[in-house]
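Asks: Structure incoming, see below.
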Amino acid sequence: MNFFQIIDQLAAVDPDVLDRFDSRRSVFNSLGSVAKRSALAATPLFLGALFQKAYAGTKSTPVEVLNYALTLELLEADYYRLFLAAGTIPAGAATAAITQIKKHEDAHVALLTGAIRSAGGTPVTGSSTAGVRFKPSAFPSTYAGQLQVAQLLEDAGVRAYKGRAGELIGTTLLTTALQIHSVEARHAAHIRTMRGQLPWVNPADDLASNAIYTSGVTATPSTTVTTAGGSYGIPAYTAASPTENNTVQSNVPLTSGLGATYTAADAAAAFDEYLQAAEVVDASRAGGLLA
Amino acid sequence: MSDLSHLPARREPSLGRRLFLQLSAASAASVALAAAGCSPSSTPTPAAASNQIVLPQGNQGLLYYAYFLALAQATTYQKVVDAPPSDFTPVDRAVFDDLRDHAVVHRETLKYLIDPTRATVIFPADFAFNLKSFTLTTRAGALAAAQQLEDLVASAYPVILPLFSSTNIYKRTLLLKMSTVQARHAATVRDLLTPGGFASSAVVDGNGQLITQTPFVVLTALAPFVAPYVLAFTCPDTNSSTDAGLCTANG
């Protein structure tokens with residue numbers, strides 16, 4: 001086992017990993033002599049314990065993760081309610097598509113609300129006039145502008161699900177979250193096609209510079225999300241997540257490190273990146289769209 | 001890593017569905033498996049007593065499975081890009097160019113994840129994804145083939161992602177990043193074949209959840225394309241509450 005290779009590769013998806021281990025140096029110290037440490041470091045058991053300790057405190061409860069997902073679904077559902085009510089969508093295929101997407105978002109709200117109740121939690125709530133809902137003043141006046149926000153919401157949604165999936169490992173809720181994530185990605189692809197953009201996130205997008213496709217936060221991050229429909233904890237913000245134009249995965253430059261040469265556009269478009277909760281609820285992203 | 005070129009002569013697979021699953025479990029048990037995740041280069045050797053290729057157990061097996069899916073996509077789209085149907089529109093061509101490019105990047109990334117030295121022989125030299133069952137010379141045929149592949153792959157990922165062991169966070173994360181793109185592909189191809197079909201009730205259930213498919217279902221659907229070889233997936237020995245029976249269910 002190449003212990004350090006694993007750490008290096010982990011660092012590719014979590015740039016903060018070394019800090020996590022460093023700040024918890026006592027994990028190593030508590031293991032006794034150098035010889036004992038070396039022997040232990042070669043066992044998977046040790047690795048498991050190390051990761052558990054290093055990542056301890058960065059997980060929320062499943063109910064908190066689901067409430068976060070529910071917040072985004074309520075926001076989307078309310079947005080599509082406004083979108084359909086605006087009267088700007090051409091009759092026919094466009095109206096059918098937005099109606100179909102709205103139906104899915106409503107189903108996701110019901111599904112997550114039920115899952116939170118089943119887990120003994122209190123779901124965040126929202127309606128057209130109270131709780132978690134889309135900020136009316138942020139609603140665009142033109143059809144083009146409305147489709148643009150729909151794209152941003154969908155693309156942010158799929159990044160958000162990827163950012164929290166790891167916290168649901170070991171529960172059946174992970175599969176549920178991945179099934180919803182996959183449907184959101186289908187919505188995103190269709191909205192992008194309606195806008196004349198490629199269905200996959202790529203560096204040539206007209207909105208490529210929007211905060212949804214970059215990373216980082218613009219305000220001091222909190223570990224609590226407070227909405228009009230309820231509050232819940234989220235993991236502490238670490239370092240900025242990868243941006244969507246990222247072409248390096250697992251420390252490998254995909255354009256040149258895979259035995260052949262690939263374009264940066266293909267390398268970036270072949271992978272969708274995640275966003276941490278603190279980044280998603282930042283005012284530059286979904287946080288700025290909540291009433 | 002042993003070379004698999006010493007495989008015995010081909011013979012027609014005669015395994016029924018259930019027997020094939022039972023055999024795969026028995027064969028896997030008889031294979032000496034290196035501890036999963038110990039080193040990317042310590043790839044367990046699939047049992048190769050017949051035309052059956054038993055994917056390794058654990059994380060490596062999940063990567064082999066994903067590699068096979070990317071191989072199927074890349075092979076199909078390369079053929080379409082090389083000889084586009086005459087009734088293809090410029091949009092069709094552009095989409096298939098991207099599908100091919102993304103599938104190749106996925107395939108090569110998975111090959112790297114299986115073995116960073118890229119030396120591991122993943123499948124026998126004469127293993128191929130046979131395209132004879134597809135009609136790739138017409139727009140309708142090429143899109144139908146792409147839709148079948150993309151829907152299958154998109155439905156496969158939510159099942160295998162939870163099966164990675166927790167020491168392989170980065171591998172799971174990479175496949176998760178790919179899964180979003182697979183879903184985008186599937187929606188796009190569906191829309192090209194049937195406008196507005198991006199998330200129809202054929203693929204999304206009443207709860208707004210993607211309908212998933214187990215490795216058994218996916219490999220059965222793709223079995224005609226890999227004959228005379230037979231791919232057998234080995235479910236990781238996980239807590240049943242983790243995979244919710246999604247791996248082992250036959251339907």
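Note on naming: chains are A, B, ... as they come in the structure tokens, residues start from 1 per chain, ligands start from 1 in the order shown.
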Could you make a table, as JSON lines, of the residues of range 86-142 of chain A that have an atom within 12 Å of an atom of range 275-289 of chain A, each with its nearest atom pair and distance in Å to one decimal, counting only C-alpha atoms, in chain and number order?

Replies:
{"residue": "A:Val132", "atom": "CA", "partner": "A:Leu289", "partner_atom": "CA", "distance": 10.2}
{"residue": "A:Arg133", "atom": "CA", "partner": "A:Leu289", "partner_atom": "CA", "distance": 8.4}
{"residue": "A:Phe134", "atom": "CA", "partner": "A:Leu289", "partner_atom": "CA", "distance": 5.8}
{"residue": "A:Lys135", "atom": "CA", "partner": "A:Leu289", "partner_atom": "CA", "distance": 5.4}
{"residue": "A:Pro136", "atom": "CA", "partner": "A:Leu289", "partner_atom": "CA", "distance": 8.6}
{"residue": "A:Ser137", "atom": "CA", "partner": "A:Leu289", "partner_atom": "CA", "distance": 8.9}
{"residue": "A:Ala138", "atom": "CA", "partner": "A:Leu289", "partner_atom": "CA", "distance": 6.5}
{"residue": "A:Phe139", "atom": "CA", "partner": "A:Leu289", "partner_atom": "CA", "distance": 8.7}
{"residue": "A:Pro140", "atom": "CA", "partner": "A:Leu289", "partner_atom": "CA", "distance": 11.4}

Asks: Export C-alpha atoms of the chosen residues as a PDB file, in the first residue's frame?

Replies:
ATOM      1  CA  VAL A 132     -38.134  29.182   1.686  1.00  0.00           C
ATOM      2  CA  ARG A 133     -39.025  30.806  -1.630  1.00  0.00           C
ATOM      3  CA  PHE A 134     -37.525  32.680  -4.550  1.00  0.00           C
ATOM      4  CA  LYS A 135     -36.812  36.360  -3.956  1.00  0.00           C
ATOM      5  CA  PRO A 136     -39.439  38.173  -6.092  1.00  0.00           C
ATOM      6  CA  SER A 137     -37.147  41.145  -6.772  1.00  0.00           C
ATOM      7  CA  ALA A 138     -34.573  38.787  -8.327  1.00  0.00           C
ATOM      8  CA  PHE A 139     -37.073  37.378 -10.815  1.00  0.00           C
ATOM      9  CA  PRO A 140     -36.073  38.437 -14.358  1.00  0.00           C
TER      10      PRO A 140
END

Asks: List the neighbours of range 198-206 of chain A out to 9 Å using only C-alpha atoms; skip same-chain residues closer than 3 positions along the sequence, and give me the result as a list of chain:residue names.

Replies: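 Once the nearby chain positions are removed, what remains is A:Asp155, A:Arg186, A:Ala188, A:Ala189, A:His190, A:Ile191, A:Arg192, A:Thr193, A:Arg195, A:Ser209, A:Tyr213, A:Glu244, A:Asn245, A:Ala264, A:Ala265, A:Asp266, A:Ala268, A:Ala269, A:Ala270, A:Phe271, A:Asp272, B:Val95, B:Val181, B:Arg184, B:His185, B:Ala187, B:Thr188.
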
Asks: Go ahead and write the residues just picked, C-alpha atoms, as a short mmCIF file (atom, residue, chain, number, x, y, z; two decimals), in the first residue's frame.

Replies:
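What follows is the written file again.cif:
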data_model
loop_
_atom_site.label_atom_id
_atom_site.label_comp_id
_atom_site.auth_asym_id
_atom_site.auth_seq_id
_atom_site.Cartn_x
_atom_site.Cartn_y
_atom_site.Cartn_z
CA ASP A 155 -26.31 23.73 -12.61
CA ARG A 186 -31.12 16.10 -17.05
CA ALA A 188 -29.86 21.33 -16.60
CA ALA A 189 -28.99 19.77 -19.96
CA HIS A 190 -32.45 20.53 -21.37
CA ILE A 191 -32.57 24.14 -20.13
CA ARG A 192 -29.12 24.70 -21.62
CA THR A 193 -30.31 23.34 -24.96
CA ARG A 195 -30.86 28.52 -24.37
CA SER A 209 -17.84 33.53 -15.55
CA TYR A 213 -19.31 27.95 -12.26
CA GLU A 244 -15.93 24.15 -13.46
CA ASN A 245 -13.08 24.84 -15.90
CA ALA A 264 -8.99 21.67 -22.13
CA ALA A 265 -12.64 22.01 -23.19
CA ASP A 266 -13.10 18.23 -23.29
CA ALA A 268 -13.30 20.27 -18.27
CA ALA A 269 -16.63 19.21 -19.79
CA ALA A 270 -16.10 15.50 -19.02
CA PHE A 271 -16.34 16.22 -15.29
CA ASP A 272 -18.84 18.31 -13.35
CA VAL B 95 -23.14 16.27 -30.04
CA VAL B 181 -22.07 14.37 -17.33
CA ARG B 184 -26.50 15.35 -19.29
CA HIS B 185 -25.60 13.08 -22.22
CA ALA B 187 -31.00 13.89 -21.59
CA THR B 188 -29.42 15.36 -24.72
#

Asks: Using 7 Å as the limit and counting only C-alpha atoms, can you tabulate each residue of chain A that touches chain B, with its shortest atom-to-atom distance in Å and the two atoms involved, as a Markdown table?

Replies:
| residue | atom | partner | partner_atom | distance |
| --- | --- | --- | --- | --- |
| A:Met1 | CA | B:Cys38 | CA | 4.5 |
| A:Asn2 | CA | B:Ser39 | CA | 6.1 |
| A:Gln9 | CA | B:Tyr170 | CA | 6.7 |
| A:Leu10 | CA | B:Tyr170 | CA | 5.5 |
| A:Val13 | CA | B:Tyr170 | CA | 6.1 |
| A:Gly48 | CA | B:Thr167 | CA | 6.5 |
| A:Ala93 | CA | B:Gly196 | CA | 6.6 |
| A:Ala97 | CA | B:Gly196 | CA | 6.3 |
| A:His104 | CA | B:Gly208 | CA | 4.7 |
| A:Ala107 | CA | B:Asn207 | CA | 5.1 |
| A:His108 | CA | B:Gly208 | CA | 5.9 |
| A:Leu111 | CA | B:Asn207 | CA | 6.4 |
| A:Lys162 | CA | B:Leu176 | CA | 6.9 |
| A:Ile169 | CA | B:Pro162 | CA | 6.5 |
| A:Gly170 | CA | B:Thr242 | CA | 5.0 |
| A:Thr171 | CA | B:Thr242 | CA | 5.4 |
| A:Thr172 | CA | B:Thr242 | CA | 5.6 |
| A:Leu174 | CA | B:Pro162 | CA | 6.8 |
| A:Thr175 | CA | B:Pro158 | CA | 5.9 |
| A:Leu178 | CA | B:Pro158 | CA | 5.5 |
| A:Gln179 | CA | B:Leu210 | CA | 4.8 |
| A:Ile180 | CA | B:Gln209 | CA | 5.1 |
| A:Ser182 | CA | B:Ala183 | CA | 5.7 |
| A:Val183 | CA | B:Leu210 | CA | 5.9 |
| A:Ala185 | CA | B:Arg184 | CA | 5.6 |
| A:Arg186 | CA | B:Ala187 | CA | 5.1 |
| A:Ala189 | CA | B:Arg184 | CA | 5.1 |
| A:His190 | CA | B:Phe198 | CA | 6.6 |
| A:Pro199 | CA | B:Arg184 | CA | 6.3 |
| A:Trp200 | CA | B:Arg184 | CA | 6.3 |
| A:Leu258 | CA | B:Glu108 | CA | 6.1 |
| A:Asp266 | CA | B:His102 | CA | 6.3 |
| A:Ala267 | CA | B:Val105 | CA | 6.8 |
| A:Ala270 | CA | B:His102 | CA | 4.9 |
| A:Phe271 | CA | B:Lys177 | CA | 5.0 |
| A:Asp272 | CA | B:Lys177 | CA | 4.8 |
| A:Glu273 | CA | B:Lys177 | CA | 5.9 |

Asks: Only C-alpha atoms, please: the residues just picked out, written as a PDB file, in the first residue's frame.

Replies:
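part34.pdb was written with the following content:
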ATOM      1  CA  MET A   1       0.000   0.000   0.000  1.00  0.00           C
ATOM      2  CA  ASN A   2       1.334   3.379  -0.889  1.00  0.00           C
ATOM      3  CA  GLN A   9      -4.721  11.645  -4.425  1.00  0.00           C
ATOM      4  CA  LEU A  10      -7.068  12.638  -1.656  1.00  0.00           C
ATOM      5  CA  VAL A  13     -10.266  16.345  -4.286  1.00  0.00           C
ATOM      6  CA  GLY A  48      -9.818   4.182   8.284  1.00  0.00           C
ATOM      7  CA  ALA A  93     -42.520  22.267 -26.262  1.00  0.00           C
ATOM      8  CA  ALA A  97     -40.620  21.153 -20.628  1.00  0.00           C
ATOM      9  CA  HIS A 104     -40.122  16.913 -10.709  1.00  0.00           C
ATOM     10  CA  ALA A 107     -41.876  15.648  -6.279  1.00  0.00           C
ATOM     11  CA  HIS A 108     -38.381  16.224  -4.861  1.00  0.00           C
ATOM     12  CA  LEU A 111     -39.773  13.155  -1.235  1.00  0.00           C
ATOM     13  CA  LYS A 162     -22.147  16.371  -5.303  1.00  0.00           C
ATOM     14  CA  ILE A 169     -22.231   7.413   2.713  1.00  0.00           C
ATOM     15  CA  GLY A 170     -23.417   4.361   4.584  1.00  0.00           C
ATOM     16  CA  THR A 171     -27.086   5.312   4.387  1.00  0.00           C
ATOM     17  CA  THR A 172     -29.725   4.476   1.800  1.00  0.00           C
ATOM     18  CA  LEU A 174     -27.133   8.406  -0.611  1.00  0.00           C
ATOM     19  CA  THR A 175     -28.766   6.469  -3.444  1.00  0.00           C
ATOM     20  CA  LEU A 178     -27.868  10.462  -6.364  1.00  0.00           C
ATOM     21  CA  GLN A 179     -31.138   9.630  -8.120  1.00  0.00           C
ATOM     22  CA  ILE A 180     -32.365  13.200  -7.586  1.00  0.00           C
ATOM     23  CA  SER A 182     -29.182  12.667 -11.899  1.00  0.00           C
ATOM     24  CA  VAL A 183     -32.614  14.094 -12.699  1.00  0.00           C
ATOM     25  CA  ALA A 185     -28.579  17.079 -14.391  1.00  0.00           C
ATOM     26  CA  ARG A 186     -31.118  16.101 -17.052  1.00  0.00           C
ATOM     27  CA  ALA A 189     -28.994  19.772 -19.958  1.00  0.00           C
ATOM     28  CA  HIS A 190     -32.445  20.528 -21.366  1.00  0.00           C
ATOM     29  CA  PRO A 199     -25.872  20.715 -22.604  1.00  0.00           C
ATOM     30  CA  TRP A 200     -22.645  20.191 -20.600  1.00  0.00           C
ATOM     31  CA  LEU A 258      -3.590  10.149 -19.833  1.00  0.00           C
ATOM     32  CA  ASP A 266     -13.105  18.227 -23.291  1.00  0.00           C
ATOM     33  CA  ALA A 267     -11.173  17.676 -20.064  1.00  0.00           C
ATOM     34  CA  ALA A 270     -16.100  15.503 -19.025  1.00  0.00           C
ATOM     35  CA  PHE A 271     -16.343  16.219 -15.286  1.00  0.00           C
ATOM     36  CA  ASP A 272     -18.842  18.306 -13.347  1.00  0.00           C
ATOM     37  CA  GLU A 273     -17.428  19.768 -10.140  1.00  0.00           C
TER      38      GLU A 273
END

Asks: From range 140-281 of chain A, collect each residue whose DSSP state is alpha helix (DSSP H) and return the set as a PDB file with C-alpha atoms, in the first residue's frame.

Replies:
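What follows is the written file states_1.pdb:
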ATOM      1  CA  TYR A 143     -38.034  34.983 -21.060  1.00  0.00           C
ATOM      2  CA  ALA A 144     -34.323  34.875 -21.898  1.00  0.00           C
ATOM      3  CA  GLY A 145     -33.448  36.127 -18.442  1.00  0.00           C
ATOM      4  CA  GLN A 146     -35.820  33.643 -16.818  1.00  0.00           C
ATOM      5  CA  LEU A 147     -34.269  30.716 -18.712  1.00  0.00           C
ATOM      6  CA  GLN A 148     -30.842  31.958 -17.698  1.00  0.00           C
ATOM      7  CA  VAL A 149     -31.713  31.828 -13.985  1.00  0.00           C
ATOM      8  CA  ALA A 150     -33.221  28.369 -14.519  1.00  0.00           C
ATOM      9  CA  GLN A 151     -29.907  27.192 -15.945  1.00  0.00           C
ATOM     10  CA  LEU A 152     -27.985  28.683 -13.028  1.00  0.00           C
ATOM     11  CA  LEU A 153     -30.328  27.063 -10.494  1.00  0.00           C
ATOM     12  CA  GLU A 154     -30.071  23.631 -12.142  1.00  0.00           C
ATOM     13  CA  ASP A 155     -26.312  23.731 -12.610  1.00  0.00           C
ATOM     14  CA  ALA A 156     -25.889  24.925  -9.004  1.00  0.00           C
ATOM     15  CA  GLY A 157     -28.173  22.132  -7.839  1.00  0.00           C
ATOM     16  CA  VAL A 158     -26.083  19.366  -9.356  1.00  0.00           C
ATOM     17  CA  ARG A 159     -22.916  20.899  -7.887  1.00  0.00           C
ATOM     18  CA  ALA A 160     -24.611  21.112  -4.490  1.00  0.00           C
ATOM     19  CA  TYR A 161     -25.681  17.440  -4.444  1.00  0.00           C
ATOM     20  CA  LYS A 162     -22.147  16.371  -5.303  1.00  0.00           C
ATOM     21  CA  GLY A 163     -20.800  18.506  -2.481  1.00  0.00           C
ATOM     22  CA  ARG A 164     -22.844  16.698   0.170  1.00  0.00           C
ATOM     23  CA  LEU A 173     -30.274   8.216   1.525  1.00  0.00           C
ATOM     24  CA  LEU A 174     -27.133   8.406  -0.611  1.00  0.00           C
ATOM     25  CA  THR A 175     -28.766   6.469  -3.444  1.00  0.00           C
ATOM     26  CA  THR A 176     -31.872   8.653  -3.158  1.00  0.00           C
ATOM     27  CA  ALA A 177     -29.747  11.809  -3.341  1.00  0.00           C
ATOM     28  CA  LEU A 178     -27.868  10.462  -6.364  1.00  0.00           C
ATOM     29  CA  GLN A 179     -31.138   9.630  -8.120  1.00  0.00           C
ATOM     30  CA  ILE A 180     -32.365  13.200  -7.586  1.00  0.00           C
ATOM     31  CA  HIS A 181     -28.979  14.592  -8.644  1.00  0.00           C
ATOM     32  CA  SER A 182     -29.182  12.667 -11.899  1.00  0.00           C
ATOM     33  CA  VAL A 183     -32.614  14.094 -12.699  1.00  0.00           C
ATOM     34  CA  GLU A 184     -31.417  17.636 -11.930  1.00  0.00           C
ATOM     35  CA  ALA A 185     -28.579  17.079 -14.391  1.00  0.00           C
ATOM     36  CA  ARG A 186     -31.118  16.101 -17.052  1.00  0.00           C
ATOM     37  CA  HIS A 187     -33.052  19.301 -16.343  1.00  0.00           C
ATOM     38  CA  ALA A 188     -29.863  21.334 -16.600  1.00  0.00           C
ATOM     39  CA  ALA A 189     -28.994  19.772 -19.958  1.00  0.00           C
ATOM     40  CA  HIS A 190     -32.445  20.528 -21.366  1.00  0.00           C
ATOM     41  CA  ILE A 191     -32.565  24.140 -20.129  1.00  0.00           C
ATOM     42  CA  ARG A 192     -29.118  24.699 -21.616  1.00  0.00           C
ATOM     43  CA  THR A 193     -30.313  23.339 -24.961  1.00  0.00           C
ATOM     44  CA  MET A 194     -33.347  25.651 -24.786  1.00  0.00           C
ATOM     45  CA  ALA A 264      -8.986  21.666 -22.130  1.00  0.00           C
ATOM     46  CA  ALA A 265     -12.639  22.014 -23.191  1.00  0.00           C
ATOM     47  CA  ASP A 266     -13.105  18.227 -23.291  1.00  0.00           C
ATOM     48  CA  ALA A 267     -11.173  17.676 -20.064  1.00  0.00           C
ATOM     49  CA  ALA A 268     -13.302  20.275 -18.267  1.00  0.00           C
ATOM     50  CA  ALA A 269     -16.628  19.208 -19.785  1.00  0.00           C
ATOM     51  CA  ALA A 277     -22.683  24.069   1.196  1.00  0.00           C
ATOM     52  CA  ALA A 278     -21.111  27.348   2.336  1.00  0.00           C
ATOM     53  CA  GLU A 279     -20.352  28.188  -1.300  1.00  0.00           C
ATOM     54  CA  VAL A 280     -23.859  27.330  -2.510  1.00  0.00           C
TER      55      VAL A 280
END

Asks: In Å to one decimal, how far is CA of Pro56 in chain B from CA of Phe233 in chain B?

Replies: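 It comes out at 7.7 Å.
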
Asks: Write out as a list of chain:residue names each polymer residue whose atoms come within 7 Å of Thr125 in chain A, counting only C-alpha atoms; drop sequence neighbours fewer than 4 positions from it.

Replies: A:Gly131, A:Val132, A:Gly229, A:Gly230

Asks: Store the residues picked out above, limited to C-alpha atoms, as a compact mmCIF listing (two decimals), in the first residue's frame.

Replies:
# COMPACT_ATOMS: atom_id res chain seq x y z
CA GLY A 131 -40.71 30.29 4.25
CA VAL A 132 -38.13 29.18 1.69
CA GLY A 229 -38.52 28.32 6.60
CA GLY A 230 -36.13 26.92 9.23

Asks: Can you tell me how far CA of Glu150 in chain B sits from CA of Cys235 in chain B, in Å to one decimal?

Replies: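 Here the two named atoms are 22.4 Å from each other.
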
Asks: Enumerate as a list in words all residues of range 107-278 of chain A assigned to strand (DSSP E or B) by DSSP on the backbone, naming them with the chain letters and numbers the document uses.

Replies: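 Reading the DSSP output for range 107-278 of chain A, strand (DSSP E or B) covers Gly126, Gly131, Phe134, Thr224, Val225, Thr226, Thr227, Gly230, Ser231, Tyr232, Gly233, Val248, Gln249, Val252 and Pro253 of chain A.
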
Asks: For CA of Ala72 in chain B and CA of Asp87 in chain B, quote the distance in Å rounded to one decimal.

Replies: 23.5 Å

Asks: Quick one: residues within 8 Å of Asn130 in chain B, only C-alpha atoms counted, chain neighbours fewer than 4 positions away excluded, as a list in words?

Replies: Phe225, Val226 and Ala227 of chain B

Asks: Fewer than 2 positions away in the same chain doesn't count, so skip those; otherwise give me all residues within 12 Å of Ala140 in chain B, counting only C-alpha atoms, as a PDB file with N, CA and C atoms, in the first residue's frame.

Replies:
ATOM      1  N   PRO B  84     -20.490   9.235 -40.115  1.00  0.00           N
ATOM      2  CA  PRO B  84     -21.779   9.787 -39.670  1.00  0.00           C
ATOM      3  C   PRO B  84     -22.901   9.402 -40.631  1.00  0.00           C
ATOM      4  N   PRO B  85     -24.082   9.108 -40.110  1.00  0.00           N
ATOM      5  CA  PRO B  85     -25.228   8.838 -40.989  1.00  0.00           C
ATOM      6  C   PRO B  85     -25.460  10.031 -41.920  1.00  0.00           C
ATOM      7  N   SER B  86     -25.926   9.762 -43.118  1.00  0.00           N
ATOM      8  CA  SER B  86     -26.073  10.841 -44.101  1.00  0.00           C
ATOM      9  C   SER B  86     -27.150  11.842 -43.691  1.00  0.00           C
ATOM     10  N   ASP B  87     -28.101  11.385 -42.864  1.00  0.00           N
ATOM     11  CA  ASP B  87     -29.160  12.321 -42.458  1.00  0.00           C
ATOM     12  C   ASP B  87     -28.842  13.009 -41.128  1.00  0.00           C
ATOM     13  N   PHE B  88     -27.601  12.931 -40.664  1.00  0.00           N
ATOM     14  CA  PHE B  88     -27.203  13.647 -39.447  1.00  0.00           C
ATOM     15  C   PHE B  88     -27.238  15.154 -39.689  1.00  0.00           C
ATOM     16  N   THR B  89     -27.735  15.909 -38.704  1.00  0.00           N
ATOM     17  CA  THR B  89     -27.694  17.364 -38.782  1.00  0.00           C
ATOM     18  C   THR B  89     -26.356  17.834 -38.202  1.00  0.00           C
ATOM     19  N   ASP B  92     -26.348  17.169 -34.579  1.00  0.00           N
ATOM     20  CA  ASP B  92     -26.093  15.761 -34.260  1.00  0.00           C
ATOM     21  C   ASP B  92     -24.587  15.484 -34.264  1.00  0.00           C
ATOM     22  N   PHE B 134     -26.256  -2.785 -33.426  1.00  0.00           N
ATOM     23  CA  PHE B 134     -26.729  -1.409 -33.614  1.00  0.00           C
ATOM     24  C   PHE B 134     -26.840  -1.099 -35.103  1.00  0.00           C
ATOM     25  N   THR B 135     -27.740  -0.199 -35.447  1.00  0.00           N
ATOM     26  CA  THR B 135     -27.787   0.338 -36.799  1.00  0.00           C
ATOM     27  C   THR B 135     -27.227   1.751 -36.729  1.00  0.00           C
ATOM     28  N   LEU B 136     -25.975   1.892 -37.065  1.00  0.00           N
ATOM     29  CA  LEU B 136     -25.331   3.198 -36.893  1.00  0.00           C
ATOM     30  C   LEU B 136     -25.259   3.978 -38.198  1.00  0.00           C
ATOM     31  N   THR B 137     -25.936   3.476 -39.240  1.00  0.00           N
ATOM     32  CA  THR B 137     -25.858   4.145 -40.538  1.00  0.00           C
ATOM     33  C   THR B 137     -27.011   5.114 -40.769  1.00  0.00           C
ATOM     34  N   THR B 138     -27.980   5.139 -39.843  1.00  0.00           N
ATOM     35  CA  THR B 138     -29.067   6.108 -39.971  1.00  0.00           C
ATOM     36  C   THR B 138     -29.114   6.963 -38.712  1.00  0.00           C
ATOM     37  N   ALA B 142     -28.522   5.552 -34.956  1.00  0.00           N
ATOM     38  CA  ALA B 142     -27.405   6.035 -34.138  1.00  0.00           C
ATOM     39  C   ALA B 142     -27.925   6.642 -32.836  1.00  0.00           C
ATOM     40  N   LEU B 143     -29.021   7.402 -32.932  1.00  0.00           N
ATOM     41  CA  LEU B 143     -29.578   8.025 -31.716  1.00  0.00           C
ATOM     42  C   LEU B 143     -30.184   6.978 -30.794  1.00  0.00           C
ATOM     43  N   ALA B 144     -30.818   5.944 -31.391  1.00  0.00           N
ATOM     44  CA  ALA B 144     -31.389   4.887 -30.555  1.00  0.00           C
ATOM     45  C   ALA B 144     -30.276   4.152 -29.812  1.00  0.00           C
ATOM     46  N   ALA B 145     -29.174   3.900 -30.501  1.00  0.00           N
ATOM     47  CA  ALA B 145     -28.036   3.225 -29.861  1.00  0.00           C
ATOM     48  C   ALA B 145     -27.490   4.089 -28.731  1.00  0.00           C
ATOM     49  N   ALA B 146     -27.321   5.375 -29.028  1.00  0.00           N
ATOM     50  CA  ALA B 146     -26.774   6.282 -28.019  1.00  0.00           C
ATOM     51  C   ALA B 146     -27.717   6.401 -26.828  1.00  0.00           C
ATOM     52  N   GLN B 147     -29.020   6.443 -27.116  1.00  0.00           N
ATOM     53  CA  GLN B 147     -29.979   6.551 -26.008  1.00  0.00           C
ATOM     54  C   GLN B 147     -29.929   5.311 -25.123  1.00  0.00           C
ATOM     55  N   VAL B 189     -29.356  13.164 -25.726  1.00  0.00           N
ATOM     56  CA  VAL B 189     -29.640  12.183 -26.772  1.00  0.00           C
ATOM     57  C   VAL B 189     -31.144  11.908 -26.836  1.00  0.00           C
ATOM     58  N   ARG B 190     -31.777  11.829 -25.655  1.00  0.00           N
ATOM     59  CA  ARG B 190     -33.234  11.623 -25.626  1.00  0.00           C
ATOM     60  C   ARG B 190     -33.940  12.772 -26.347  1.00  0.00           C
ATOM     61  N   LEU B 192     -32.764  14.634 -28.698  1.00  0.00           N
ATOM     62  CA  LEU B 192     -32.521  14.586 -30.141  1.00  0.00           C
ATOM     63  C   LEU B 192     -33.415  13.546 -30.809  1.00  0.00           C
ATOM     64  N   LEU B 193     -33.620  12.421 -30.117  1.00  0.00           N
ATOM     65  CA  LEU B 193     -34.430  11.355 -30.700  1.00  0.00           C
ATOM     66  C   LEU B 193     -35.918  11.671 -30.574  1.00  0.00           C
ATOM     67  N   THR B 194     -36.316  12.150 -29.393  1.00  0.00           N
ATOM     68  CA  THR B 194     -37.716  12.502 -29.131  1.00  0.00           C
ATOM     69  C   THR B 194     -37.722  13.853 -28.420  1.00  0.00           C
TER      70      THR B 194
END
